[in-house]
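Asks: Have a look at this one before I ask anything.
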Number of protein chains: 2
Amino acid sequence: MTALQQAKTWEDKAAWARANRDASLAKVEPKLQGVPDVLPLSSQGLAKSVLTPREIEITENYSVNELLAVLRERTISVEEVTRAFLRRAALAQAATNCIVGLMWDEAIARAKYLDSLPEPKGMLFGLPISTKEHHGMVGSDVVTTASFVAWVGKKHGSNVLYDTFWDEGCVFYARTTQPQTIMHLETNNNIFGRTVNPYNRDLTSGGSSGGESALLGMRGSIFGVGGDIGGSIRCPAAHVGIYGFKPTLKRVSVSGQRSIMAGKETIASTAGPMAVDREALELFMKVALSSEPWRIDPSLTVKEWTPYKFTKPLKIAIQWWDGVVQPHPPMTRALKEVAEACRKAGMEVVDWDSEPLDHAKAWDIISALYWPDGGEEALEVLQETGEPILPLTKFIIQEQPTVKNHTQHELWELCVKRDEYRAAYSRAWNETGAKDGKEVDVILCPPSFGAATPHDQSRYWGYTAHWNLLDYPGAVFPVTTVDPAKDPKDLSYVPKNDQDKFVYDMYSPEKYTNAPVSLQLIGRRQYDEKVLAALVEIEHAMGRK
Amino acid sequence: MTALQQAKTWEDKAAWARANRDASLAKVEPKLQGVPDVLPLSSQGLAKSVLTPREIEITENYSVNELLAVLRERTISVEEVTRAFLRRAALAQAATNCIVGLMWDEAIARAKYLDSLPEPKGMLFGLPISTKEHHGMVGSDVVTTASFVAWVGKKHGSNVLYDTFWDEGCVFYARTTQPQTIMHLETNNNIFGRTVNPYNRDLTSGGSSGGESALLGMRGSIFGVGGDIGGSIRCPAAHVGIYGFKPTLKRVSVSGQRSIMAGKETIASTAGPMAVDREALELFMKVALSSEPWRIDPSLTVKEWTPYKFTKPLKIAIQWWDGVVQPHPPMTRALKEVAEACRKAGMEVVDWDSEPLDHAKAWDIISALYWPDGGEEALEVLQETGEPILPLTKFIIQEQPTVKNHTQHELWELCVKRDEYRAAYSRAWNETGAKDGKEVDVILCPPSFGAATPHDQSRYWGYTAHWNLLDYPGAVFPVTTVDPAKDPKDLSYVPKNDQDKFVYDMYSPEKYTNAPVSLQLIGRRQYDEKVLAALVEIEHAMGRK
């Protein structure tokens with residue numbers, strides 16, 4: 001009888017999983033030295049005292065494409081790069097609790113294999129890639145919990161996307177945390193506990209791909225895979241000041257991932273990139289589609305990655321607020337700064353008026369569509385072991401008045417409402433070009449009401465989930481950090497509703513000092529290439545390369 | 001109180017709808033002369049004795065593109081063309097009962113308007129287009145029953161596709177019949193009765209777009225719009241020897257059509273062309289996508305129509321049977337003849353082995369997915385007036401052991417099975433190129449087990465519905481006609497199962513003499529352009545232009 005079979009309580013099972021994780025981290029060599037017993041508020045300074053200058057150089061000095069170039073030129077061996085990222089990932093774990101398993105032996109074996117090849121091979125040759133745990137992993141003996149205690153120790157396998165990356169020569173080395181049910185905009189579960197923000201441990205790293213964001217925010221990874229059904233790539237990327245991209249559904253496969261509610265098709269998730277630089281977003285998409293994954297996962301759209309080129313200045317619409325919740329002051333300042341930069345660069349900048357479009361209604365629809373069975377299956381998997389239902393699980397399943405077990409007819413009605421909402425939004429977008437033929441290219445908007453929130457406070461999904469309802473692609477990019485001098489609380493503001501008040505009350509600049517503030521760029525459905533092309537233009541306007 | 005409001009029984013309501021239809025036909029001028037009181041078995045000879053030589057010339061001598069050319073050159077006026085098709089449609093109605101309403105006044109007014117334009121305008125300038133009734137119609141006062149007595153007199157409107165065609169200058173002039181629930185592979189309902197095959201009134205014209213097929217089979221139309229969720233374009237097209245094309249879902253919009261189960265997304269229908277010539281299929285697609293309909297119907301795939309070019313000889317797989325039901329002898333002969341022609345033209349012709357792929361299982365899945373509520377909503381609409389449930393409605397809802405009202409969880413399981421089946425079929429297709437890198441381009445297969453069936457015998461959907469489950473595009477094209485001398489019954493055949501026996505017992509060549517026999521060409525999902533390009537190659541191989 002194995003230790004896991006002997007585990008009687010949910011606590012025993014969770015402890016078994018943590019022991020497994022710890023064993024994987026114990027392989028790190030040389031051991032981490034210099035991690036303080038009492039961790040500082042910000043983890044940004046830790047690398048300097050724990051890692052070697054060479055490790056810091058390898059993990060900090062390169063963009064993804066630059067690292068790929070030196071790997072391809074064999075200026076640095078895959079093994080050296082892999083070891084540096086493994087050690088830095090272990091540090092990220094010590095600092096933020098973002099890892100469910102370090103793949104020390106597998107990654108080094110893979111690196112040695114790649115180094116042994118006579119010629120570098122594949123578009124991702126030697127690149128260490130970190131991955132969200134519930135996606136699974138290459139290999140047949142892989143264990144995947146998807147953050148459910150009931151699934152601790154459960155065998156799983158790979159997925160279509162990871163197989164492609166593997167074929168292109170990557171190194172998988174770290175699997176990252178996600179929240180209970182993978183449906184929080186934070187990262188906390190009963191197995192591994194809470195993941196914290198590498199800029200401020202009192203704040204969340206976001207979720208559900210919040211293990212990825214914490215790891216990337218520590219540069220324990222520069223290229224990770226997240227997943228997004230309500231903001232789960234964009235929110236965590238925004239909260240740590242990295243880049244993230246949620247493609248339109250059915251471009252990148254999620255076939256093979258472990259999750260509840262398999263077969264549900266009202267609202268679906270997509271995998272997508274999280275990375276330390278902009279160009280890596282497009283690289284991810286190019287590689288993901290290069291294998292013609294629709295030949296294996298026939299639900300995918302048959303459409304190669306076709307880079308978009310703007311031939312005239314962009315027309316950008318700014319969504320200052322979504323008509324429900326007023327963003328915090330640093331977010332509004334970020335919008336102003338970028339809008340101004342775009343205007344100066346000759347782009348047309350207009351306002352996006354969300355109010356007549358009724359984003360609150362969109363939330364009513366999507367929050368119901370997340371759980372067509374009223375969350376029954378999710379709750380059953382929790383009840384299987386008796387693990388506690390966490391507050392943000394309660395929030396998203398039990399505290400939404402829209403969530404219930406629907407009959408087929410009720411569900412159809414809801415899908416009709418969804419489709420009507422989508423059609424109305426399309427009409428509104430078409431309207432922007434009705435007068436002068438110059439239609440809005442992209443919407444620039446907040447990826448959240450503010451910077452990363454204090455723990456358990458991520459209770460408004462409107463700024464990301466809205467675009468999942470519409471299935472619009474969205475990229476997030478870092479803009480600024482919270483500065484109490486520039487971002488005082490607006491004491492004269494009168495909240496418009498309960499959610500607005502909750503968010504307003506949450507803000508005081510000191511809580512968020514130096515926290516990253518990011519923005520989100522949204523395009524029409526299936527115009528993924530256009531969104532990433534617009535991001536290039538906007539960052540150029542911001543003076544970035 | 002109107003006559004309809006006074007109608008108490010379902011029979012009264014149906015009679016009211018028929019009176020409306022008859023009033024629309026009574027406008028025909030000059031009146032039809034020479035329609036015999038006792039109609040002959042085949043209606044093919046009727047035009048000669050009823051229509052003028054000029055009307056016959058206009059309706060018979062042109063392909064769709066040729067007619068568009070003379071309309072554009074204004075060699076013939078739109079009004080003359082429209083009147084000829086209106087009269088011929090009235091004859092088709094007298095012969096086959098395929099019309100629910102002739103749009104005499106509207107069509108002539110539209111024709112006069114188009115003739116009055118200083119320049120011809122639009123890709124479909126002046127082209128008469130016939131349409132399946134439940135799609136709706138341009139105009140706000142349109143009444144649409146979708147073949148339910150309960151919906152007689154119900155106001156409806158237009159749909160996205162018809163708006164596009166209208167903008168491109170077409171003339172709508174005839175709306176056509178469809179069966180009860182629009183889910184028979186025949187055409188019979190309690191309002192308008194049965195539509196018959198223009199080649200043999202003892203046989204069906206197919207369904208559910210069987211009004212279209214009967215009308216086109218009489219050349220009362222040369223370009224019609226059908227819809228397909230289980231064979232509803234391909235089966236009726238095949239049964240009258242015309243061309244039909246079911247595109248991949250989400251290329252052509254069905255937004256705006258009237259139907260039950262709105263919001264269901266397990267299996268969906270698509271609109272598509274039915275036409276007297278091959279080139280019209282591609283024309284339909286080109287025009288339908290030219291308006292970028294995804295800007296209005298955001299569920300559509302953003303993908304322009306991109307004609308496909310073969311650069312080497314085709315590799316064609318022949319599906320001789322589907323592993324469940326053996327096709328009738330004329331169908332097998334058609335397959336042999338076309339396979340031989342393709343081989344002679346230098347194409348590679350191989351066998352498609354359906355047996356290991358288990359098409360019977362595919363039927364179990366799709367037949368359940370047609371009615372996730374067990375058919376409750378459909379039956380409720382029938383019960384509203386008490387109209388009888390027709391035998392083929394019973395067949396498809398009540399006699400399928402798979403059909404039941406599913407819980408969300410049961411439905412998800414079924415969707416998982418569907419997706420697994422799709423993935424397995426993809427793998428099988430990929431395998432065809434595993435050895436030599438030469439993957440099968442298209443599958444050539446029967447569109448039905450035989451020619452059109454005697455009435456109420458269309459009780460095997462496997463040859464079409466299978467491709468709906470996979471969402472593979474499919475075109476049908478005429479090949480031959482039943483010839484008792486060439487197509488004797490195989491008396492030695494021993495049926496493999498009950499369905500096979502039912503189909504085997506149905507056949508005796510005399511029943512089908514001269515009935516059209518067509519074939520179906522299937523491509524991988526979203527390779528619509530490739531299917532139509534392959535059809536060109538195959539028809540060239542057959543010696544057609």
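A note on labels: chains of the structure tokens are A, B, ... as shown, every chain counts residues from 1, and ligands are counted from 1 in their shown order.
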Set out as a tab-separated table a contact list for chain B and chain A with a cut-off of 6 Å, giving each residue of chain B that qualifies its closest atom pair and distance in Å to one decimal, counting only C-alpha atoms, ordered by chain and rising residue number.

Replies:
```
residue	atom	partner	partner_atom	distance
B:Gly263	CA	A:Trp412	CA	4.1
B:Lys264	CA	A:Trp412	CA	5.4
B:Asp373	CA	A:Gln408	CA	6.0
B:Gln408	CA	A:Asp373	CA	5.9
B:Trp412	CA	A:Gly263	CA	4.1
B:Cys415	CA	A:Gly263	CA	4.9
B:Val416	CA	A:Gly263	CA	4.8
```

Asks: Write the residues you've just listed into a file as a PDB file, in the first residue's frame, and include all heavy atoms for each of them.

Replies:
```pdb
ATOM      1  N   GLY B 263     -30.404  28.237 -29.627  1.00  0.00           N
ATOM      2  CA  GLY B 263     -29.476  28.249 -28.509  1.00  0.00           C
ATOM      3  C   GLY B 263     -28.788  26.914 -28.295  1.00  0.00           C
ATOM      4  O   GLY B 263     -27.757  26.846 -27.645  1.00  0.00           O
ATOM      5  N   LYS B 264     -29.357  25.856 -28.843  1.00  0.00           N
ATOM      6  CA  LYS B 264     -28.697  24.540 -28.788  1.00  0.00           C
ATOM      7  C   LYS B 264     -27.408  24.610 -29.586  1.00  0.00           C
ATOM      8  O   LYS B 264     -27.367  25.142 -30.684  1.00  0.00           O
ATOM      9  CB  LYS B 264     -29.643  23.503 -29.406  1.00  0.00           C
ATOM     10  CG  LYS B 264     -28.981  22.163 -29.722  1.00  0.00           C
ATOM     11  CD  LYS B 264     -29.984  21.194 -30.351  1.00  0.00           C
ATOM     12  CE  LYS B 264     -30.255  21.506 -31.818  1.00  0.00           C
ATOM     13  NZ  LYS B 264     -29.573  20.652 -32.783  1.00  0.00           N
ATOM     14  N   ASP B 373     -32.988  17.710 -25.431  1.00  0.00           N
ATOM     15  CA  ASP B 373     -34.127  17.750 -24.502  1.00  0.00           C
ATOM     16  C   ASP B 373     -35.084  16.595 -24.768  1.00  0.00           C
ATOM     17  O   ASP B 373     -36.234  16.635 -24.313  1.00  0.00           O
ATOM     18  CB  ASP B 373     -34.861  19.095 -24.625  1.00  0.00           C
ATOM     19  CG  ASP B 373     -35.582  19.221 -25.957  1.00  0.00           C
ATOM     20  OD1 ASP B 373     -35.216  18.486 -26.914  1.00  0.00           O
ATOM     21  OD2 ASP B 373     -36.517  20.043 -26.068  1.00  0.00           O
ATOM     22  N   GLN B 408     -27.372  18.156 -17.718  1.00  0.00           N
ATOM     23  CA  GLN B 408     -26.147  18.802 -18.218  1.00  0.00           C
ATOM     24  C   GLN B 408     -24.993  17.801 -18.233  1.00  0.00           C
ATOM     25  O   GLN B 408     -24.222  17.746 -19.182  1.00  0.00           O
ATOM     26  CB  GLN B 408     -25.773  20.019 -17.365  1.00  0.00           C
ATOM     27  CG  GLN B 408     -26.811  21.143 -17.369  1.00  0.00           C
ATOM     28  CD  GLN B 408     -27.088  21.710 -18.750  1.00  0.00           C
ATOM     29  OE1 GLN B 408     -26.293  21.578 -19.665  1.00  0.00           O
ATOM     30  NE2 GLN B 408     -28.253  22.313 -18.912  1.00  0.00           N
ATOM     31  N   TRP B 412     -22.771  16.629 -21.412  1.00  0.00           N
ATOM     32  CA  TRP B 412     -21.316  16.823 -21.529  1.00  0.00           C
ATOM     33  C   TRP B 412     -20.632  15.514 -21.919  1.00  0.00           C
ATOM     34  O   TRP B 412     -19.731  15.515 -22.758  1.00  0.00           O
ATOM     35  CB  TRP B 412     -20.745  17.336 -20.201  1.00  0.00           C
ATOM     36  CG  TRP B 412     -21.259  18.671 -19.785  1.00  0.00           C
ATOM     37  CD1 TRP B 412     -21.976  19.552 -20.567  1.00  0.00           C
ATOM     38  CD2 TRP B 412     -21.130  19.299 -18.501  1.00  0.00           C
ATOM     39  NE1 TRP B 412     -22.283  20.671 -19.839  1.00  0.00           N
ATOM     40  CE2 TRP B 412     -21.781  20.543 -18.571  1.00  0.00           C
ATOM     41  CE3 TRP B 412     -20.544  18.921 -17.302  1.00  0.00           C
ATOM     42  CZ2 TRP B 412     -21.846  21.425 -17.495  1.00  0.00           C
ATOM     43  CZ3 TRP B 412     -20.591  19.805 -16.223  1.00  0.00           C
ATOM     44  CH2 TRP B 412     -21.243  21.035 -16.311  1.00  0.00           C
ATOM     45  N   CYS B 415     -21.022  15.021 -25.506  1.00  0.00           N
ATOM     46  CA  CYS B 415     -20.169  15.927 -26.286  1.00  0.00           C
ATOM     47  C   CYS B 415     -18.715  15.444 -26.261  1.00  0.00           C
ATOM     48  O   CYS B 415     -17.998  15.577 -27.252  1.00  0.00           O
ATOM     49  CB  CYS B 415     -20.285  17.363 -25.763  1.00  0.00           C
ATOM     50  SG  CYS B 415     -21.876  18.118 -26.146  1.00  0.00           S
ATOM     51  N   VAL B 416     -18.305  14.873 -25.156  1.00  0.00           N
ATOM     52  CA  VAL B 416     -16.956  14.304 -25.098  1.00  0.00           C
ATOM     53  C   VAL B 416     -16.846  13.147 -26.087  1.00  0.00           C
ATOM     54  O   VAL B 416     -15.874  13.033 -26.836  1.00  0.00           O
ATOM     55  CB  VAL B 416     -16.620  13.830 -23.669  1.00  0.00           C
ATOM     56  CG1 VAL B 416     -15.354  12.976 -23.662  1.00  0.00           C
ATOM     57  CG2 VAL B 416     -16.452  15.031 -22.738  1.00  0.00           C
TER      58      VAL B 416
END
```

Asks: Neighbours of Ala334 in chain B within 8 Å (only C-alpha atoms; same-chain residues fewer than 2 positions away dropped), as a PyMOL selection string?

Replies: chain B and resi 330-332+336-338+479-480+517-519

Asks: Quick check for you: according to DSSP on this backbone, which residues of range 49-242 of chain B are classed as alpha helix (DSSP H)? Reply as an MDAnalysis selection string.

Replies: chainID B and resid 49:50 53:60 64:73 78:96 104:116 160:167 210:217 234:240

Asks: Report as JSON lines the residues of range 223-311 of chain B within 12 Å of range 169-185 of chain B, each with its shortest atom pair and distance in Å (one decimal), using only C-alpha atoms, ordered by chain and increasing residue number.

Replies:
```
{"residue": "B:Phe223", "atom": "CA", "partner": "B:Cys170", "partner_atom": "CA", "distance": 10.6}
{"residue": "B:Gly224", "atom": "CA", "partner": "B:Ala174", "partner_atom": "CA", "distance": 9.4}
{"residue": "B:Val225", "atom": "CA", "partner": "B:Thr176", "partner_atom": "CA", "distance": 9.6}
{"residue": "B:Gly226", "atom": "CA", "partner": "B:Thr176", "partner_atom": "CA", "distance": 9.5}
{"residue": "B:Gly227", "atom": "CA", "partner": "B:Ile182", "partner_atom": "CA", "distance": 9.5}
{"residue": "B:Asp228", "atom": "CA", "partner": "B:Met183", "partner_atom": "CA", "distance": 9.6}
{"residue": "B:Ile229", "atom": "CA", "partner": "B:Met183", "partner_atom": "CA", "distance": 8.4}
{"residue": "B:Gly230", "atom": "CA", "partner": "B:Met183", "partner_atom": "CA", "distance": 8.0}
{"residue": "B:Gly231", "atom": "CA", "partner": "B:Leu185", "partner_atom": "CA", "distance": 7.1}
{"residue": "B:Ser232", "atom": "CA", "partner": "B:Leu185", "partner_atom": "CA", "distance": 6.4}
{"residue": "B:Ile233", "atom": "CA", "partner": "B:Leu185", "partner_atom": "CA", "distance": 9.4}
{"residue": "B:Arg234", "atom": "CA", "partner": "B:Leu185", "partner_atom": "CA", "distance": 9.7}
{"residue": "B:Cys235", "atom": "CA", "partner": "B:Leu185", "partner_atom": "CA", "distance": 6.8}
{"residue": "B:Pro236", "atom": "CA", "partner": "B:Leu185", "partner_atom": "CA", "distance": 7.5}
{"residue": "B:Ala237", "atom": "CA", "partner": "B:Leu185", "partner_atom": "CA", "distance": 11.1}
{"residue": "B:Ala238", "atom": "CA", "partner": "B:Leu185", "partner_atom": "CA", "distance": 11.4}
{"residue": "B:His239", "atom": "CA", "partner": "B:Leu185", "partner_atom": "CA", "distance": 10.4}
{"residue": "B:Arg258", "atom": "CA", "partner": "B:Ile182", "partner_atom": "CA", "distance": 10.8}
{"residue": "B:Ser259", "atom": "CA", "partner": "B:Thr181", "partner_atom": "CA", "distance": 8.3}
{"residue": "B:Ile260", "atom": "CA", "partner": "B:Thr181", "partner_atom": "CA", "distance": 7.9}
{"residue": "B:Met261", "atom": "CA", "partner": "B:Thr181", "partner_atom": "CA", "distance": 10.5}
{"residue": "B:Ser269", "atom": "CA", "partner": "B:Ile182", "partner_atom": "CA", "distance": 10.9}
{"residue": "B:Phe284", "atom": "CA", "partner": "B:Cys170", "partner_atom": "CA", "distance": 11.8}
{"residue": "B:Val287", "atom": "CA", "partner": "B:Gly169", "partner_atom": "CA", "distance": 11.1}
```

Asks: From the list A:Ala15, A:Leu215, A:Trp352, A:Leu127, which residue is nearest Tyr62 in chain A when using only C-alpha atoms?

Replies: A:Leu127

Asks: Contacts of Pro484 in chain A at 7 Å or less, counting only C-alpha atoms, minus same-chain residues fewer than 6 places along, as a PyMOL selection string?

Replies: chain A and resi 509-510+513
